[in-house]
Structures are given as structure tokens and as C-alpha cells.
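Just my_file-v8.csv here, CSV, C-alpha atoms and all ligand atoms:
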chain,number,residue,atom,x,y,z
P,563,MET,CA,75.6,88.9,100.3
P,564,LEU,CA,74.8,92.6,100.8
P,565,LEU,CA,78.5,93.5,101.0
P,566,GLU,CA,81.2,92.3,98.7
P,567,PRO,CA,85.0,92.7,99.1
P,568,THR,CA,86.5,94.8,96.3
P,569,VAL,CA,89.8,96.5,95.7
P,570,ASP,CA,88.4,99.6,97.3
P,571,GLY,CA,87.0,97.8,100.3
P,572,LEU,CA,83.5,96.5,101.1
P,573,TRP,CA,81.0,97.5,98.5
P,574,CYS,CA,77.2,97.4,98.7
P,575,GLU,CA,75.8,97.1,95.2
P,576,ALA,CA,72.2,97.4,96.2
P,577,GLY,CA,72.9,100.6,98.1
P,578,GLY,CA,75.6,102.1,96.0
P,579,PHE,CA,78.1,102.8,98.8
P,580,HIS,CA,81.3,101.5,100.3
P,581,VAL,CA,81.8,100.7,104.0
P,582,ASP,CA,85.1,101.9,105.5
P,583,PRO,CA,86.7,102.0,102.0
P,584,TRP,CA,90.5,101.7,101.7
P,585,ARG,CA,90.7,104.1,98.8
P,586,PRO,CA,88.7,107.3,97.8
P,587,VAL,CA,85.3,106.4,96.5
P,588,PRO,CA,82.2,108.5,95.7
P,589,LEU,CA,80.1,107.5,98.8
P,590,ALA,CA,81.6,106.1,102.0
P,591,VAL,CA,79.7,105.0,105.1
P,592,VAL,CA,82.3,105.1,107.9
P,593,THR,CA,82.3,103.2,111.2
P,594,HIS,CA,84.8,105.4,113.0
P,595,ALA,CA,87.5,107.9,112.5
P,596,HIS,CA,90.6,105.7,113.0
P,597,ALA,CA,93.0,105.8,110.1
P,598,ASP,CA,92.5,102.1,109.2
P,599,HIS,CA,88.7,102.7,108.8
P,600,ALA,CA,88.4,106.3,107.6
P,601,THR,CA,90.1,107.2,104.3
P,602,PRO,CA,90.5,110.8,103.3
P,603,GLY,CA,89.5,111.9,99.8
P,604,CYS,CA,86.1,110.3,99.3
P,605,GLY,CA,83.4,112.3,97.6
P,606,ARG,CA,80.9,112.2,100.4
P,607,TYR,CA,80.8,110.6,103.9
P,608,LEU,CA,77.9,109.2,105.9
P,609,ALA,CA,78.9,108.7,109.6
P,610,SER,CA,77.9,109.6,113.1
P,611,GLU,CA,78.2,113.3,113.9
P,612,ARG,CA,81.2,112.7,116.3
P,613,THR,CA,83.0,110.6,113.7
P,614,LEU,CA,82.6,113.4,111.2
P,615,ASP,CA,83.8,115.9,113.8
P,616,VAL,CA,87.0,113.9,114.5
P,617,MET,CA,87.6,113.3,110.7
P,618,ARG,CA,87.4,117.1,110.3
P,619,VAL,CA,90.0,117.8,112.9
P,620,ARG,CA,92.3,115.0,111.5
P,621,PHE,CA,91.8,115.3,107.8
P,622,SER,CA,90.1,118.5,106.6
P,623,LYS,CA,87.7,120.9,108.1
P,624,ASP,CA,85.9,121.1,104.7
P,625,LEU,CA,85.2,117.3,104.6
P,626,GLU,CA,81.8,116.7,102.8
P,627,GLY,CA,79.8,114.6,105.3
P,628,THR,CA,76.2,114.0,106.3
P,629,PRO,CA,75.7,113.1,110.0
P,630,VAL,CA,73.5,110.1,110.6
P,631,ASP,CA,71.6,110.0,113.9
P,632,TRP,CA,71.8,106.8,116.0
P,633,GLY,CA,69.2,104.2,115.1
P,634,THR,CA,67.5,106.3,112.4
P,635,PRO,CA,67.4,104.5,109.1
P,636,ILE,CA,68.2,106.3,105.9
P,637,GLU,CA,67.4,105.1,102.4
P,638,LEU,CA,70.4,104.3,100.1
P,639,GLY,CA,69.4,102.7,96.8
P,640,GLN,CA,67.3,99.7,97.7
P,641,CYS,CA,68.7,99.6,101.3
P,642,ARG,CA,67.8,101.0,104.7
P,643,VAL,CA,71.0,101.9,106.5
P,644,SER,CA,71.3,102.8,110.2
P,645,LEU,CA,74.1,103.4,112.7
P,646,HIS,CA,74.3,101.9,116.2
P,647,PRO,CA,76.9,102.6,118.8
P,648,ALA,CA,80.0,100.3,118.9
P,649,GLY,CA,81.5,101.4,122.2
P,650,HIS,CA,85.0,101.5,120.6
P,651,VAL,CA,85.8,105.3,120.6
P,652,LEU,CA,83.6,108.4,120.6
P,653,GLY,CA,81.2,108.3,117.6
P,654,SER,CA,82.1,104.7,116.6
P,655,ALA,CA,79.3,102.9,114.9
P,656,GLN,CA,78.1,99.6,113.7
P,657,ILE,CA,76.4,99.8,110.4
P,658,ARG,CA,73.1,97.9,109.9
P,659,ILE,CA,72.1,97.3,106.3
P,660,GLU,CA,68.6,96.0,105.5
P,661,CYS,CA,67.6,95.0,102.0
P,662,ASP,CA,64.9,92.6,100.8
P,663,ALA,CA,64.3,91.2,104.3
P,664,GLU,CA,68.0,90.5,104.8
P,665,VAL,CA,69.8,92.2,107.6
P,666,LEU,CA,73.6,92.5,107.7
P,667,CYS,CA,75.5,94.3,110.4
P,668,VAL,CA,79.1,95.5,110.2
P,669,THR,CA,80.5,95.9,113.7
P,670,GLY,CA,83.6,98.0,112.8
P,671,ASP,CA,85.9,98.0,115.9
P,672,TYR,CA,84.0,97.5,119.1
P,673,LYS,CA,84.2,96.8,122.8
P,674,ARG,CA,81.6,95.7,125.4
P,675,GLU,CA,83.1,97.3,128.5
P,676,ALA,CA,81.7,100.5,129.9
P,677,ASP,CA,83.8,103.6,128.9
P,678,PRO,CA,82.8,107.1,129.9
P,679,THR,CA,84.3,108.4,126.7
P,680,ALA,CA,82.3,106.4,124.2
P,681,GLU,CA,78.6,105.7,123.5
P,682,PRO,CA,77.8,102.2,124.9
P,683,PHE,CA,77.7,99.2,122.5
P,684,GLU,CA,74.3,98.2,121.3
P,685,VAL,CA,73.4,94.6,120.2
P,686,VAL,CA,72.1,94.7,116.6
P,687,PRO,CA,70.1,91.5,115.7
P,688,CYS,CA,70.9,90.4,112.2
P,689,ASP,CA,71.2,87.5,109.8
P,690,THR,CA,74.8,88.2,108.8
P,691,LEU,CA,77.3,89.8,111.2
P,692,LEU,CA,80.7,91.0,110.0
P,693,THR,CA,82.7,91.2,113.2
P,694,GLU,CA,86.2,92.4,113.9
P,695,SER,CA,88.6,90.0,115.6
P,696,THR,CA,91.7,92.1,116.5
P,697,PHE,CA,92.0,90.2,119.8
P,698,GLY,CA,90.4,87.0,118.5
P,699,LEU,CA,92.4,84.5,120.5
P,700,PRO,CA,91.4,82.8,123.8
P,701,ILE,CA,94.5,84.3,125.5
P,702,TYR,CA,92.9,87.8,125.4
P,703,ARG,CA,90.7,88.4,128.4
P,704,TRP,CA,90.7,91.9,129.8
P,705,PRO,CA,91.0,92.8,133.4
P,706,ASP,CA,88.5,95.2,134.9
P,707,PRO,CA,89.3,98.7,133.5
P,708,SER,CA,88.8,100.3,136.9
P,709,THR,CA,91.6,98.1,138.4
P,710,VAL,CA,93.8,99.0,135.5
P,711,PHE,CA,93.2,102.8,136.1
P,712,GLU,CA,94.0,102.3,139.8
P,713,ARG,CA,97.3,100.7,138.9
P,714,MET,CA,98.1,103.5,136.4
P,715,ASN,CA,97.4,106.2,139.0
P,716,ALA,CA,99.3,104.3,141.7
P,717,TRP,CA,102.3,104.0,139.4
P,718,TRP,CA,102.1,107.7,138.5
P,719,ARG,CA,101.9,108.6,142.3
P,720,GLU,CA,105.0,106.5,142.9
P,721,ASN,CA,107.0,108.0,140.1
P,722,ALA,CA,106.0,111.5,141.1
P,723,ALA,CA,107.2,110.9,144.6
P,724,ALA,CA,110.5,109.7,143.3
P,725,GLY,CA,111.0,112.7,140.9
P,726,ARG,CA,110.3,110.7,137.7
P,727,THR,CA,108.0,111.9,135.0
P,728,THR,CA,105.3,109.5,134.0
P,729,VAL,CA,104.7,108.8,130.4
P,730,PHE,CA,101.6,106.9,129.1
P,731,LEU,CA,102.0,105.8,125.5
P,732,SER,CA,98.8,105.5,123.6
P,733,TYR,CA,97.2,106.2,120.3
P,734,ALA,CA,96.1,109.8,120.0
P,735,PHE,CA,92.4,109.3,119.4
P,736,GLY,CA,90.2,107.2,121.5
P,737,LYS,CA,92.6,105.4,123.9
P,738,ALA,CA,94.3,108.7,124.9
P,739,GLN,CA,91.0,110.4,125.9
P,740,ARG,CA,89.9,107.3,127.8
P,741,ILE,CA,93.2,107.4,129.7
P,742,LEU,CA,92.8,111.1,130.4
P,743,ALA,CA,89.3,110.5,131.8
P,744,GLY,CA,90.7,107.8,134.1
P,745,LEU,CA,93.7,109.7,135.4
P,746,ASP,CA,93.6,111.2,138.9
P,747,ALA,CA,94.4,114.9,138.2
P,748,SER,CA,95.0,115.5,142.0
P,749,ILE,CA,98.4,113.6,141.6
P,750,GLY,CA,100.0,116.2,139.4
P,751,PRO,CA,99.8,118.2,136.1
P,752,ILE,CA,98.9,116.3,133.0
P,753,GLY,CA,100.5,117.1,129.6
P,754,VAL,CA,99.4,116.0,126.2
P,755,HIS,CA,101.2,115.6,122.9
P,756,GLY,CA,100.0,118.0,120.1
P,757,SER,CA,98.3,115.2,118.2
P,758,LEU,CA,95.8,114.8,121.1
P,759,VAL,CA,94.7,118.4,121.0
P,760,GLY,CA,92.3,118.2,118.1
P,761,PRO,CA,90.5,115.0,119.2
P,762,ASN,CA,90.4,116.3,122.8
P,763,SER,CA,88.4,119.4,121.6
P,764,VAL,CA,85.8,117.1,119.9
P,765,TYR,CA,85.4,115.1,123.2
P,766,THR,CA,85.0,118.3,125.2
P,767,ARG,CA,82.5,119.7,122.7
P,768,ALA,CA,80.6,116.4,123.0
P,769,GLY,CA,80.3,116.9,126.7
P,770,ILE,CA,82.8,114.3,127.7
P,771,ARG,CA,84.6,115.3,130.9
P,772,LEU,CA,88.3,115.3,130.5
P,773,PRO,CA,90.7,116.8,133.1
P,774,ASP,CA,92.5,120.1,132.5
P,775,VAL,CA,95.6,119.4,130.6
P,776,LEU,CA,98.7,121.4,129.3
P,777,ARG,CA,100.0,121.1,125.9
P,778,ALA,CA,103.4,119.4,126.5
P,779,ASP,CA,105.9,121.8,125.0
P,780,ALA,CA,108.9,124.0,125.9
P,781,ASP,CA,106.6,126.3,127.9
P,782,SER,CA,105.1,123.6,130.1
P,783,ALA,CA,108.2,121.4,130.4
P,784,ALA,CA,109.3,122.8,133.7
P,785,THR,CA,105.8,122.3,135.2
P,786,LEU,CA,105.4,118.7,133.9
P,787,ALA,CA,109.0,117.4,134.7
P,788,GLY,CA,109.1,115.1,137.7
P,789,GLY,CA,105.5,115.1,139.1
P,790,GLY,CA,103.6,115.3,135.8
P,791,ALA,CA,102.0,112.6,133.6
P,792,ILE,CA,102.3,112.9,129.8
P,793,VAL,CA,100.0,111.2,127.4
P,794,CYS,CA,101.6,110.8,123.9
P,795,PRO,CA,101.7,108.4,120.9
P,796,PRO,CA,104.3,105.6,121.0
P,797,SER,CA,106.2,107.3,118.2
P,798,ALA,CA,107.3,109.9,120.7
P,799,THR,CA,109.5,107.5,122.6
P,800,GLY,CA,113.2,108.2,122.2
P,801,THR,CA,112.7,111.6,120.7
P,802,PRO,CA,114.3,114.9,121.9
P,803,TRP,CA,110.7,116.1,122.5
P,804,ILE,CA,110.0,113.5,125.2
P,805,ARG,CA,113.4,113.9,126.9
P,806,ARG,CA,112.8,117.5,127.7
P,807,PHE,CA,110.1,116.5,130.2
P,808,ASN,CA,112.5,114.3,132.2
P,809,GLY,CA,112.4,114.9,135.9
P,810,PRO,CA,115.4,114.9,138.3
P,811,GLU,CA,115.3,111.1,138.3
P,812,GLY,CA,114.4,110.8,134.6
P,813,ALA,CA,111.1,109.4,133.3
P,814,ARG,CA,109.2,106.1,133.2
P,815,MET,CA,107.3,104.8,130.1
P,816,GLY,CA,104.1,102.9,130.4
P,817,PHE,CA,102.4,101.4,127.3
P,818,VAL,CA,98.6,101.2,127.5
P,819,SER,CA,97.2,98.6,125.1
P,820,GLY,CA,95.5,95.2,124.9
P,821,TRP,CA,98.7,93.9,123.4
P,822,MET,CA,100.3,94.3,126.8
P,823,GLN,CA,98.5,91.1,127.8
P,824,VAL,CA,101.1,89.1,126.0
P,825,ARG,CA,104.4,89.2,127.8
P,826,GLY,CA,106.6,89.2,124.7
P,827,ARG,CA,105.0,92.4,123.5
P,828,ARG,CA,106.1,94.3,126.6
P,829,ARG,CA,109.6,94.1,125.3
P,830,TRP,CA,108.4,95.7,122.1
P,831,ARG,CA,109.5,99.2,122.9
P,832,ALA,CA,111.5,98.6,126.1
P,833,VAL,CA,108.7,100.2,128.1
P,834,ASP,CA,108.9,100.1,131.9
P,835,ARG,CA,105.3,99.1,132.4
P,836,GLY,CA,102.5,97.6,130.4
P,837,PHE,CA,98.8,98.4,131.2
P,838,ILE,CA,96.2,96.1,129.7
P,839,LEU,CA,93.5,98.4,128.5
P,840,SER,CA,91.9,97.9,125.1
P,841,ASP,CA,89.1,99.5,123.1
P,842,HIS,CA,88.4,96.2,121.4
P,843,ALA,CA,86.3,93.2,122.5
P,844,ASP,CA,88.3,90.4,124.1
P,845,TRP,CA,87.7,86.8,123.3
P,846,ASP,CA,84.6,86.4,125.5
P,847,GLY,CA,83.3,89.8,124.2
P,848,LEU,CA,83.6,88.6,120.6
P,849,ILE,CA,81.8,85.3,121.3
P,850,SER,CA,79.0,86.9,123.3
P,851,THR,CA,78.5,89.5,120.7
P,852,VAL,CA,78.2,87.0,117.9
P,853,ARG,CA,75.7,85.0,120.1
P,854,ALA,CA,73.6,88.0,121.0
P,855,SER,CA,73.3,89.1,117.4
P,856,GLY,CA,71.5,85.9,116.5
P,857,ALA,CA,73.4,85.8,113.2
P,858,ARG,CA,73.7,82.5,111.4
P,859,ARG,CA,76.5,83.7,109.1
P,860,VAL,CA,79.5,85.4,110.5
P,861,GLY,CA,82.3,87.1,108.6
P,862,VAL,CA,85.4,87.8,110.6
P,863,THR,CA,87.9,90.5,109.8
P,864,HIS,CA,91.0,92.2,111.3
P,865,GLY,CA,93.4,90.2,113.5
P,866,SER,CA,93.1,86.5,114.2
P,867,SER,CA,90.2,85.9,111.8
P,868,GLU,CA,90.9,82.2,111.1
P,869,VAL,CA,91.0,81.2,114.7
P,870,LEU,CA,87.8,82.9,115.6
P,871,ALA,CA,86.0,81.8,112.4
P,872,ARG,CA,87.0,78.1,113.1
P,873,TYR,CA,85.8,78.4,116.7
P,874,LEU,CA,82.4,79.8,115.7
P,875,GLN,CA,82.0,77.1,113.0
P,876,GLU,CA,82.9,74.2,115.2
P,877,LYS,CA,81.5,75.2,118.6
P,878,LEU,CA,78.5,77.4,117.6
P,879,GLU,CA,77.8,75.7,114.3
P,880,LEU,CA,77.7,78.9,112.4
P,881,GLU,CA,78.5,79.5,108.8
P,882,THR,CA,81.7,81.6,108.8
P,883,PHE,CA,84.0,83.3,106.4
P,884,VAL,CA,87.1,85.5,106.6
P,885,VAL,CA,86.7,89.1,105.2
P,886,PRO,CA,90.0,90.5,103.7
P,887,THR,CA,91.7,93.2,105.8
P,888,ARG,CA,93.4,96.1,104.2
P,889,TYR,CA,96.7,96.1,106.1
P,890,VAL,CA,98.0,92.6,105.4
P,891,GLY,CA,101.0,92.0,107.6
P,892,GLU,CA,100.1,94.7,110.0
P,893,SER,CA,98.1,92.5,112.3
P,894,PRO,CA,99.6,90.4,115.1
P,895,PRO,CA,100.4,86.7,114.6
P,896,THR,CA,97.4,84.5,114.0
P,897,SER,CA,98.7,81.4,115.6
P,898,ALA,CA,97.3,80.4,119.0
P,899,ALA,CA,100.7,80.0,120.4
P,900,PRO,CA,101.0,80.6,124.2
P,901,PRO,CA,102.2,84.1,125.1
P,902,GLU,CA,105.6,82.8,126.2
P,903,ALA,CA,106.2,81.4,122.8
P,904,SER,CA,105.2,84.6,120.9
P,905,THR,CA,107.7,86.9,119.4
P,906,ASP,CA,107.5,90.4,118.3
P,907,GLU,CA,107.5,89.4,114.7
P,908,GLY,CA,103.9,90.4,114.0
P,909,VAL,CA,104.0,93.8,115.7
P,910,PRO,CA,103.2,96.4,113.1
P,911,ASP,CA,105.9,98.8,111.9
P,912,ARG,CA,103.2,101.4,111.4
P,913,GLU,CA,101.3,102.0,114.5
P,914,ARG,CA,97.9,100.4,114.3
P,915,GLU,CA,95.3,102.4,116.0
P,916,GLU,CA,93.5,100.2,118.5
K,1001,ZN,ZN,89.5,101.6,115.6
Would you write out, as C-alpha cells, the structure that this file holds?
Amino acid sequence: MLLEPTVDGLWCEAGGFHVDPWRPVPLAVVTHAHADHATPGCGRYLASERTLDVMRVRFSKDLEGTPVDWGTPIELGQCRVSLHPAGHVLGSAQIRIECDAEVLCVTGDYKREADPTAEPFEVVPCDTLLTESTFGLPIYRWPDPSTVFERMNAWWRENAAAGRTTVFLSYAFGKAQRILAGLDASIGPIGVHGSLVGPNSVYTRAGIRLPDVLRADADSAATLAGGGAIVCPPSATGTPWIRRFNGPEGARMGFVSGWMQVRGRRRWRAVDRGFILSDHADWDGLISTVRASGARRVGVTHGSSEVLARYLQEKLELETFVVPTRYVGESPPTSAAPPEASTDEGVPDREREE
């Protein structure tokens, strides 16, 4: 196969590069700027321009990287390598590798739904597909995002009318900007945690429309308390920082994640509301993507790999294999147990970006 798992991550011998390496390597081709895919300290990076922009605001402004234009092949060793939008977050790419008439595509994280803050997913025909499977269980089927945003805005409106600050918990890059783009700024002021400021600037520079926001701090606390909405990472819950924004009637916490589809997970952080909004493909999205690629061999990675691999093998008669994931133990349970039976056991201690 064109890519082999190694201790550093996926390695392409014919091209002399790693894909989303786990440790610093000389040459990294990176799908997107989430921490479980982009590792700091590599000699040189090849990625989409937006991915490099986000990596520079999150890792180091001096990061050595060469932007690769969408769909434009570059030669690496004996391979032709090109990037194609994955629809996951701004700049997220699938990596197409062609060598000796064999085509392999690494999806990275991806979703199929429209998202005004990410380039739309593109189907990449290939012989071998390495697909993610973060939500690779049939229980995961996403509601229409526009309905979810309506519910989020209605909840905010209701909280504001009752003197309660609204808090949306979300990962700082990707989901947070998608939430901001979907919030109705006419309801009240919007505040953001400091970790969103860098990524937000990349989105704005890329021409993505985000509402005007305040940096949530001591200066903006009085403005945001009560009628405002705050977008911040889950780690901010229970901190003195978040408490300073409490309105006269306190605050309400809403967690925005695909994990909210499983009832047991809503108890995870004692949140008041769960909103099902994911930047990953749901079960149907995974299957339809595998079919559309035309691949005969499918490697599955991240999440419920075995369940999806078995399904593709038995139902679609594809050759499948499981690709090792870096964060063993960080993924959710792989059993197909019904939601009611699930526990919080598999929820990561470290916050997985999704
Ligand atoms: Zn990701």
C-alpha cells in the first residue's frame, strides 16, 4: 500500500513524506489544523493555505510551510499528491496520492453537510480510501443543521429574556466559528473565549462572515451578563472566568457536539442543553462517501473503526482494514450498544477536537 503505519504515523515510502504524523518528522502533509492531526515541530509542512494559517496562529508564526492549491498535483518522490476539500473545518483537506497507476485517498476528518465556514467536501475517486469513522455507528444520524441553529437561537432568546447568560461549549477552532456564523446577533451581544480569537482572525481574513464579537473578559463582562451568548471551550466550565459573566438569574450551559446524540453523554458535564451539531460525517455520510469514491479497499481510522469496517466488508463486499489511531483510549466506546446502555466511560479526559 502507498501508506504504511509507523511509530510516527502514516508514512509514504514512495513519496518520502508522512501524512498527519504523530511526532515531528522532516516532511508532513497535513489534512487540517486540529491538534490530533497537526503536530508541531516538523521540518516542513505541506497543507492548504488556510490550514497553514491556522497552524501559524496556534503553533508558531514562523512555521515552515508550503501552501498547496486545491486540486493541483505536486510531485513528491515518485508520487503525485493533491489536496481536495474535506468540508470538516476551514482549510481541511483530503489527500490524494497517485503512484504507479494506484490512487489512494486519505479523507482526514470530513463532513458532507453544507457549512458556510468550510470549503464543501469533494468526492475523490480512488482505489484505496482511508476514511475516518469518529461517528461510525448506525445510531449517529445528524439532524438538519439549520434546525439545530434555530433551536440554539430560540434557547438563547429564552435565556436572555429570563436574565440568564447563554454559554455554548465548543472546541475553539472549527465548531466555534460554525456556531458564531449561525447565531442570530440581533438577540444580544456575543462574547468569545481568548482561544477563539486567533482562529477567528483566519476565518475573517479568508472572507468568512462572522458576527461582531467581544472578547469575553473583565471589560466586557457587564455587557455580556444576562442577555449575551458566550462561545468557549468545554474546559471553561466551572472556572471563575465563566462565572463572571453570570446574569441576574445565572447562566445556562449548552454543549454543541455530535456526541450529544447519545443521551448518556449529555450528563458528561452536567450541561443544561445538548445541541447535535458535528463536523464529522454521520453513519450515512460515511457509507455514501465510501460508495461514491468507488474504492475497493477501505481503511478505517478514528472512532468505531471495527464496526464500520465489518459493515463495509459484509454489506458492500469491500476489502477493509483498521488503521491505528494515535490516541488509543481517547475515542468513544466501540460497541454498538444502544444509547441508553452507554456510559460515560469512553469520553476522553483530554478534549478531543471534533
Ligand atoms: Zn478534526
Listing only residues of stretch 646-752 of chain P within 12 Å of stretch 573-595 of chain P, what is the closest atom pair and its distance in Å (to one decimal) for each, using all atoms listed in the file, sorted by chain and residue number ascending, as CSV?
residue,atom,partner,partner_atom,distance
P:His646,CA,P:Thr593,CA,9.5
P:Pro647,CA,P:Thr593,CA,9.3
P:Ala648,CA,P:Thr593,CA,8.5
P:Gly649,CA,P:His594,CA,10.6
P:His650,CA,P:His594,CA,8.5
P:Val651,CA,P:His594,CA,7.7
P:Leu652,CA,P:His594,CA,8.3
P:Gly653,CA,P:His594,CA,6.5
P:Ser654,CA,P:His594,CA,4.6
P:Ala655,CA,P:Thr593,CA,4.8
P:Gln656,CA,P:Thr593,CA,6.1
P:Ile657,CA,P:Thr593,CA,6.9
P:Arg658,CA,P:Thr593,CA,10.7
P:Ile659,CA,P:Gly577,CA,8.9
P:Glu660,CA,P:Gly577,CA,9.7
P:Cys661,CA,P:Ala576,CA,7.8
P:Asp662,CA,P:Ala576,CA,9.9
P:Glu664,CA,P:Ala576,CA,11.8
P:Leu666,CA,P:Cys574,CA,10.9
P:Cys667,CA,P:Val581,CA,11.0
P:Val668,CA,P:Thr593,CA,8.4
P:Thr669,CA,P:Thr593,CA,7.9
P:Gly670,CA,P:Thr593,CA,5.6
P:Asp671,CA,P:Thr593,CA,7.9
P:Tyr672,CA,P:Thr593,CA,9.9
P:Ala680,CA,P:His594,CA,11.5
P:Leu692,CA,P:Val581,CA,11.5
P:Glu694,CA,P:Thr593,CA,11.8
P:Ala734,CA,P:Ala595,CA,11.6
P:Phe735,CA,P:Ala595,CA,8.6
P:Gly736,CA,P:Ala595,CA,9.4
Counting all atoms listed in the file, what is within 8 Å of stretch 615-618 of chain P, bar same-chain residues fewer than 6 positions away, as a ChimeraX atom specification? /P:595,600,624-625,760-761,764
Interatomic distance between atom CA of P:Thr628 and atom CA of P:Tyr607? 6.2 Å
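With all atoms listed in the file as the atoms that count, the residue of P:Thr696, P:Ser840, P:Thr801, P:Gln640 with the shortest distance to P:Ala738 is P:Ser840.
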Give as a PyMOL selection string every residue, naming chains and numbers as the document does, that has an atom within 12 Å of (99.0, 101.4, 138.5), counting only C-alpha atoms. chain P and resi 707-721+728+730+744-746+816-818+834-839
From the set P:Gly571, P:Leu645, P:Asp841, P:Asp677, which residue has the shortest atom-to-atom contact distance to ligand ZN 1001 (chain K), counting all atoms listed in the file? P:Asp841
Applying 12 Å and only C-alpha atoms, which residues near P:Arg853 remain after dropping the ones on its own chain fewer than 2 positions away? List them as a ChimeraX atom specification. /P:685-691,693,846-851,855-860,874,877-880
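For P:Glu868, the set of protein, DNA and RNA residues having any atom at most 12 Å away, when counting only C-alpha atoms and skipping those fewer than 2 positions along the same chain, is Glu694, Ser695, Thr696, Phe697, Gly698, Leu699, Val860, Gly861, Val862, Thr863, His864, Gly865, Ser866, Leu870, Ala871, Arg872, Tyr873, Leu874, Gln875, Thr882, Phe883, Val884, Val885, Pro886, Pro895, Thr896, Ser897 and Ala898 of chain P.
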Go ahead and dump the residues you just picked, C-alpha atoms, as a PDB file, in the coordinates of the input.
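Listed below is the output, result37.pdb:
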ATOM      1  CA  GLU P 694      86.200  92.400 113.900  1.00  0.00           C
ATOM      2  CA  SER P 695      88.600  90.000 115.600  1.00  0.00           C
ATOM      3  CA  THR P 696      91.700  92.100 116.500  1.00  0.00           C
ATOM      4  CA  PHE P 697      92.000  90.200 119.800  1.00  0.00           C
ATOM      5  CA  GLY P 698      90.400  87.000 118.500  1.00  0.00           C
ATOM      6  CA  LEU P 699      92.400  84.500 120.500  1.00  0.00           C
ATOM      7  CA  VAL P 860      79.500  85.400 110.500  1.00  0.00           C
ATOM      8  CA  GLY P 861      82.300  87.100 108.600  1.00  0.00           C
ATOM      9  CA  VAL P 862      85.400  87.800 110.600  1.00  0.00           C
ATOM     10  CA  THR P 863      87.900  90.500 109.800  1.00  0.00           C
ATOM     11  CA  HIS P 864      91.000  92.200 111.300  1.00  0.00           C
ATOM     12  CA  GLY P 865      93.400  90.200 113.500  1.00  0.00           C
ATOM     13  CA  SER P 866      93.100  86.500 114.200  1.00  0.00           C
ATOM     14  CA  LEU P 870      87.800  82.900 115.600  1.00  0.00           C
ATOM     15  CA  ALA P 871      86.000  81.800 112.400  1.00  0.00           C
ATOM     16  CA  ARG P 872      87.000  78.100 113.100  1.00  0.00           C
ATOM     17  CA  TYR P 873      85.800  78.400 116.700  1.00  0.00           C
ATOM     18  CA  LEU P 874      82.400  79.800 115.700  1.00  0.00           C
ATOM     19  CA  GLN P 875      82.000  77.100 113.000  1.00  0.00           C
ATOM     20  CA  THR P 882      81.700  81.600 108.800  1.00  0.00           C
ATOM     21  CA  PHE P 883      84.000  83.300 106.400  1.00  0.00           C
ATOM     22  CA  VAL P 884      87.100  85.500 106.600  1.00  0.00           C
ATOM     23  CA  VAL P 885      86.700  89.100 105.200  1.00  0.00           C
ATOM     24  CA  PRO P 886      90.000  90.500 103.700  1.00  0.00           C
ATOM     25  CA  PRO P 895     100.400  86.700 114.600  1.00  0.00           C
ATOM     26  CA  THR P 896      97.400  84.500 114.000  1.00  0.00           C
ATOM     27  CA  SER P 897      98.700  81.400 115.600  1.00  0.00           C
ATOM     28  CA  ALA P 898      97.300  80.400 119.000  1.00  0.00           C
TER      29      ALA P 898
END
With all atoms listed in the file as the counted atoms, please give the residues lying no more than 9 Å from P:Val729, apart from itself and same-chain residues fewer than 4 positions off, as a PDB file with C-alpha atoms, in the frame of the given file.
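So the final result, stored in part.pdb, reads:
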ATOM      1  CA  TRP P 718     102.100 107.700 138.500  1.00  0.00           C
ATOM      2  CA  GLY P 790     103.600 115.300 135.800  1.00  0.00           C
ATOM      3  CA  ALA P 791     102.000 112.600 133.600  1.00  0.00           C
ATOM      4  CA  ILE P 792     102.300 112.900 129.800  1.00  0.00           C
ATOM      5  CA  VAL P 793     100.000 111.200 127.400  1.00  0.00           C
ATOM      6  CA  CYS P 794     101.600 110.800 123.900  1.00  0.00           C
ATOM      7  CA  ILE P 804     110.000 113.500 125.200  1.00  0.00           C
ATOM      8  CA  ALA P 813     111.100 109.400 133.300  1.00  0.00           C
ATOM      9  CA  ARG P 814     109.200 106.100 133.200  1.00  0.00           C
ATOM     10  CA  MET P 815     107.300 104.800 130.100  1.00  0.00           C
ATOM     11  CA  GLY P 816     104.100 102.900 130.400  1.00  0.00           C
ATOM     12  CA  PHE P 817     102.400 101.400 127.300  1.00  0.00           C
TER      13      PHE P 817
END
Between atom CA of P:Val754 and atom CA of P:Ala778, what is the distance, to one decimal in Å? 5.3 Å
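Atom CA of P:Gly820 to atom CA of P:Ser732 spans 10.9 Å [interatomic distance, one decimal].
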Residue among P:Leu614, P:Leu776, P:Leu564, P:Ala609 lying closest to P:Thr634, counting all atoms listed in the file: P:Ala609
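Shortest atom-to-atom contact with ligand ZN 1001 (chain K) among P:Lys673, P:Arg642, P:Ile741, P:Ser610: P:Lys673, counting all atoms listed in the file.
Using all atoms listed in the file, the smallest distance between any of P:Ala843, P:Val852, P:Ile770, P:Leu565 and ligand ZN 1001 (chain K) comes from P:Ala843.
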Neighbouring residues of P:Asp781 were defined as those with any atom within 12 Å, considering only C-alpha atoms; residues of the same chain fewer than 6 positions away were excluded. Please report them as an NGL selection string. :P and (753 or 787 or 806-807)
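The shortest atom-to-atom distance to ligand ZN 1001 (chain K), with only C-alpha atoms and all ligand atoms taken into account, belongs to P:Lys737 out of P:Pro796, P:Glu681, P:Lys737, P:Val643.
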